[in-house]
Amino acid sequence: MKTFLGCDWGTSSFRLRLVERGTRRILAEQAEPTGVRHFAALTPPERAARLAAHLADRIARWPEVGPEVPFVVTGMAGSSVGWQELPYAEAPFPLDGGAAVVSPRTLPCPGGRQRPGLLVSGVRTKDDILRGEETALIGWHALAGATKPGSDPAWCLLAGTHPKHARVREGRLESFRTFLTGELFEVLRKDSLLAASVAAPADDTLPDWEEFDAGVACSQALALSGALFQVRARQVLQHVPPAANLWFLSGILVGDEVRTLAVPGRPRLHLIGEPARVALYRRALGSVDPGRGKDTLHDVSLTAAIVAGQEQLLTRHAGGLTP
């Protein structure tokens with residue numbers, strides 16, 4: 001059975017998966033909050049050594065994985081605060097993965113052998129950057145099938161902590177815009193004046209859609225700063241419970257972000273993310289742009305897209321693997 005090791009190493013999280021090639025079935029998985037910022041205080045040489053050792057140690061927890069199984073590392077590990085800073089590939093960026101900037105890596109295995117692998121960089125335009133999302137877009141393209149030449153453009157909304165709105169045409173990433181929606185949400189709910197007006201719900205709590213919808217509507221009626229202060233005003237004047245106010249805050253931020261997508265004649269929109277986060281975007285889009293038909297919205301799992309993208313990158317750059 002042919003397999004590969006896919007490492008999605010972000011700023012705050014580390015995910016390692018053992019994946020069956022072809023089927024892209026996840027055979028084993030590890031996840032922990034040891035993102036690259038966990039190693040940020042180290043000097044670049046120390047950080048490179050520690051990240052390599054960390055990855056080798058986590059792979060060693062699966063002793064059945066032989067040294068011939070390659071690995072691919074995507075995300076922030078290829079940044080200035082990661083394993084090694086790699087230059088960005090430039091848009092327009094073909095989504096077959098062939099133009100990705102990669103660097104061959106090896107990791108020690110028991111018995112003195114070396115495991116081959118790749119470190120992958122990100123993509124830039126003249127005024128924006130991303131690392132990691134290009135892998136999800138490569139995977140989305142592989143899962144969706146090659147775009148026919150001359151076809152209409154599509155938009156992909158990658159619903160993460162730093163959401164990206166990406167324009168794709170004829171199998172290429174043409175442009176994108178980054179938003180700080182998820183990070184703003186965390187900062188505002190923990191470290192701002194609004195912190196006393198919101199409270200995090202239990203992990204299994206369903207969204208309060210009425211409050212979320214109210215937040216989306218508020219984001220359309222007021223400028224962002226004014227809409228945000230309504231979180232505080234509602235708690236003081238209307239005694240809105242903090243847990244309900246949290247969903248109001250979420251609606252404001254997501255609603256403000258997606259207003260840029262509410263344009264008549266907007267082409268297909270693919271929502272790439274984990275189901276709970278995608279559900280928020282789908283709901284907000286339905287409020288902000290009610291004329292958009294459901295047939296123009298397509299959901300793709302972020303995990304599935306990343307796994308497919310990592311497989312494609314290994315396939316396209318197999319000749320660059322160091323034995």
# chains A, B, ... in the order shown; residues from 1 in each chain; ligands from 1
$ residues_around --residues "range 3-16 of chain A" --least-positions-apart "4" --cutoff "6 Å" --atoms "only C-alpha atoms" --output "MDAnalysis selection string"
chainID A and resid 20:21 29:37 69:77
$ select_by_dssp --residues "range 67-295 of chain A" --states "strand (DSSP E)" --output "number ranges by chain"
A: 71-75, 89-90, 93-94, 102-108, 114-120, 123-124, 129-130, 154-158, 164-169, 172-178, 269-273
$ residues_around --residues "Ala48 in chain A" --least-positions-apart "6" --cutoff "8 Å" --atoms "only C-alpha atoms" --output "list of chain:residue names"
A:Gly82, A:Trp83, A:Gln84
$ residues_around --residues "range 201-215 of chain A" --least-positions-apart "6" --cutoff "7 Å" --atoms "only C-alpha atoms" --output "list of chain:residue names"
A:Ala243, A:Ala244, A:Trp247, A:Phe248, A:Leu249, A:Ser250, A:Gly251, A:Ile252
$ write_last_selection --atoms "C-alpha atoms" --output "PDB file, in the first residue's frame"
ATOM      1  CA  ALA A 243     -23.296  34.130  24.961  1.00  0.00           C
ATOM      2  CA  ALA A 244     -25.873  35.513  22.516  1.00  0.00           C
ATOM      3  CA  TRP A 247     -22.882  35.262  17.827  1.00  0.00           C
ATOM      4  CA  PHE A 248     -23.873  38.861  17.128  1.00  0.00           C
ATOM      5  CA  LEU A 249     -20.156  39.751  17.052  1.00  0.00           C
ATOM      6  CA  SER A 250     -19.464  36.820  14.731  1.00  0.00           C
ATOM      7  CA  GLY A 251     -22.238  37.972  12.398  1.00  0.00           C
ATOM      8  CA  ILE A 252     -20.805  41.497  12.234  1.00  0.00           C
TER       9      ILE A 252
END
$ closest_atom_pairs --of "range 83-165 of chain A" --to "range 306-313 of chain A" --cutoff "9 Å" --atoms "only C-alpha atoms" --output "Markdown table"
| residue | atom | partner | partner_atom | distance |
| --- | --- | --- | --- | --- |
| A:Asp96 | CA | A:Gln312 | CA | 7.3 |
| A:Gly97 | CA | A:Leu313 | CA | 5.6 |
| A:Gly98 | CA | A:Leu313 | CA | 7.4 |
| A:Ala100 | CA | A:Leu313 | CA | 7.9 |
| A:Val102 | CA | A:Leu313 | CA | 9.0 |
| A:Leu118 | CA | A:Leu313 | CA | 8.8 |
| A:Val120 | CA | A:Leu313 | CA | 8.5 |
| A:Gly132 | CA | A:Ile306 | CA | 8.4 |
| A:Glu133 | CA | A:Ile306 | CA | 8.2 |
| A:Glu134 | CA | A:Gly309 | CA | 8.2 |
| A:Thr135 | CA | A:Gly309 | CA | 4.8 |
| A:Ala136 | CA | A:Ile306 | CA | 4.4 |
| A:Leu137 | CA | A:Gly309 | CA | 7.1 |
| A:Ile138 | CA | A:Gly309 | CA | 4.8 |
| A:Gly139 | CA | A:Gly309 | CA | 3.5 |
| A:Trp140 | CA | A:Gly309 | CA | 7.3 |
| A:His141 | CA | A:Gly309 | CA | 8.4 |
| A:Ala142 | CA | A:Ala308 | CA | 6.8 |
| A:Leu143 | CA | A:Ala308 | CA | 7.1 |
$ select_by_dssp --residues "range 119-322 of chain A" --states "alpha helix (DSSP H)" --output "PyMOL selection string"
chain A and resi 133-144+181-191+209-221+224-237+242-258+275-288+302-316
$ residues_around --residues "Phe176 in chain A" --least-positions-apart "6" --cutoff "10 Å" --atoms "only C-alpha atoms" --output "ChimeraX atom specification"
/A:91,123-125,127-130,155-157,164-168
$ write_last_selection --atoms "N, CA, C and O atoms" --output "mmCIF file, in the first residue's frame"
data_model
loop_
_atom_site.group_PDB
_atom_site.id
_atom_site.type_symbol
_atom_site.label_atom_id
_atom_site.label_comp_id
_atom_site.auth_asym_id
_atom_site.auth_seq_id
_atom_site.Cartn_x
_atom_site.Cartn_y
_atom_site.Cartn_z
ATOM 1 N N ALA A 91 1.668 34.803 -8.541
ATOM 2 C CA ALA A 91 0.423 34.683 -9.306
ATOM 3 C C ALA A 91 0.586 35.443 -10.622
ATOM 4 O O ALA A 91 1.289 36.458 -10.661
ATOM 5 N N VAL A 123 2.348 31.692 -2.063
ATOM 6 C CA VAL A 123 2.115 32.429 -3.310
ATOM 7 C C VAL A 123 1.925 33.907 -2.966
ATOM 8 O O VAL A 123 1.354 34.239 -1.918
ATOM 9 N N ARG A 124 2.364 34.785 -3.857
ATOM 10 C CA ARG A 124 2.199 36.216 -3.672
ATOM 11 C C ARG A 124 1.618 36.864 -4.919
ATOM 12 O O ARG A 124 1.728 36.346 -6.033
ATOM 13 N N THR A 125 0.954 37.980 -4.702
ATOM 14 C CA THR A 125 0.607 38.906 -5.771
ATOM 15 C C THR A 125 1.428 40.169 -5.513
ATOM 16 O O THR A 125 2.307 40.184 -4.647
ATOM 17 N N ASP A 127 0.418 42.700 -3.983
ATOM 18 C CA ASP A 127 0.043 43.343 -2.728
ATOM 19 C C ASP A 127 -0.577 42.394 -1.701
ATOM 20 O O ASP A 127 -1.229 42.838 -0.749
ATOM 21 N N ASP A 128 -0.370 41.093 -1.856
ATOM 22 C CA ASP A 128 -0.924 40.163 -0.875
ATOM 23 C C ASP A 128 -0.102 38.872 -0.881
ATOM 24 O O ASP A 128 0.609 38.571 -1.854
ATOM 25 N N ILE A 129 -0.197 38.118 0.206
ATOM 26 C CA ILE A 129 0.590 36.896 0.365
ATOM 27 C C ILE A 129 -0.256 35.818 1.033
ATOM 28 O O ILE A 129 -1.204 36.118 1.761
ATOM 29 N N LEU A 130 0.111 34.571 0.782
ATOM 30 C CA LEU A 130 -0.501 33.452 1.486
ATOM 31 C C LEU A 130 0.499 32.300 1.581
ATOM 32 O O LEU A 130 1.390 32.164 0.748
ATOM 33 N N TRP A 155 -14.755 31.868 -7.869
ATOM 34 C CA TRP A 155 -14.167 32.414 -6.660
ATOM 35 C C TRP A 155 -14.148 31.333 -5.595
ATOM 36 O O TRP A 155 -15.101 30.558 -5.460
ATOM 37 N N CYS A 156 -13.060 31.276 -4.858
ATOM 38 C CA CYS A 156 -12.942 30.356 -3.733
ATOM 39 C C CYS A 156 -12.783 31.186 -2.465
ATOM 40 O O CYS A 156 -11.911 32.065 -2.400
ATOM 41 N N LEU A 157 -13.632 30.915 -1.487
ATOM 42 C CA LEU A 157 -13.504 31.564 -0.194
ATOM 43 C C LEU A 157 -12.932 30.530 0.764
ATOM 44 O O LEU A 157 -13.599 29.557 1.105
ATOM 45 N N LYS A 164 -9.277 33.912 2.822
ATOM 46 C CA LYS A 164 -8.823 34.378 1.518
ATOM 47 C C LYS A 164 -9.985 34.315 0.536
ATOM 48 O O LYS A 164 -10.715 33.321 0.504
ATOM 49 N N HIS A 165 -10.132 35.352 -0.269
ATOM 50 C CA HIS A 165 -11.055 35.340 -1.393
ATOM 51 C C HIS A 165 -10.198 35.236 -2.645
ATOM 52 O O HIS A 165 -9.500 36.199 -3.001
ATOM 53 N N ALA A 166 -10.222 34.089 -3.290
ATOM 54 C CA ALA A 166 -9.310 33.800 -4.397
ATOM 55 C C ALA A 166 -10.065 33.716 -5.710
ATOM 56 O O ALA A 166 -11.090 33.037 -5.803
ATOM 57 N N ARG A 167 -9.533 34.359 -6.733
ATOM 58 C CA ARG A 167 -10.124 34.328 -8.072
ATOM 59 C C ARG A 167 -9.351 33.321 -8.923
ATOM 60 O O ARG A 167 -8.137 33.422 -9.071
ATOM 61 N N VAL A 168 -10.077 32.352 -9.461
ATOM 62 C CA VAL A 168 -9.476 31.276 -10.249
ATOM 63 C C VAL A 168 -10.058 31.303 -11.655
ATOM 64 O O VAL A 168 -11.274 31.454 -11.831
#
$ atom_distance --atom1 "CA of Pro87 in chain A" --atom2 "CA of Ser103 in chain A"
10.3 Å
$ closest_residue --among "A:Leu314, A:Ala159, A:Leu86, A:Leu95" --to "Tyr281 in chain A" --atoms "only C-alpha atoms"
A:Ala159
$ atom_distance --atom1 "CA of Leu253 in chain A" --atom2 "CA of Thr181 in chain A"
6.0 Å
$ closest_residue --among "A:Lys2, A:Arg177, A:Arg316, A:Arg234" --to "Leu158 in chain A" --atoms "only C-alpha atoms"
A:Arg177
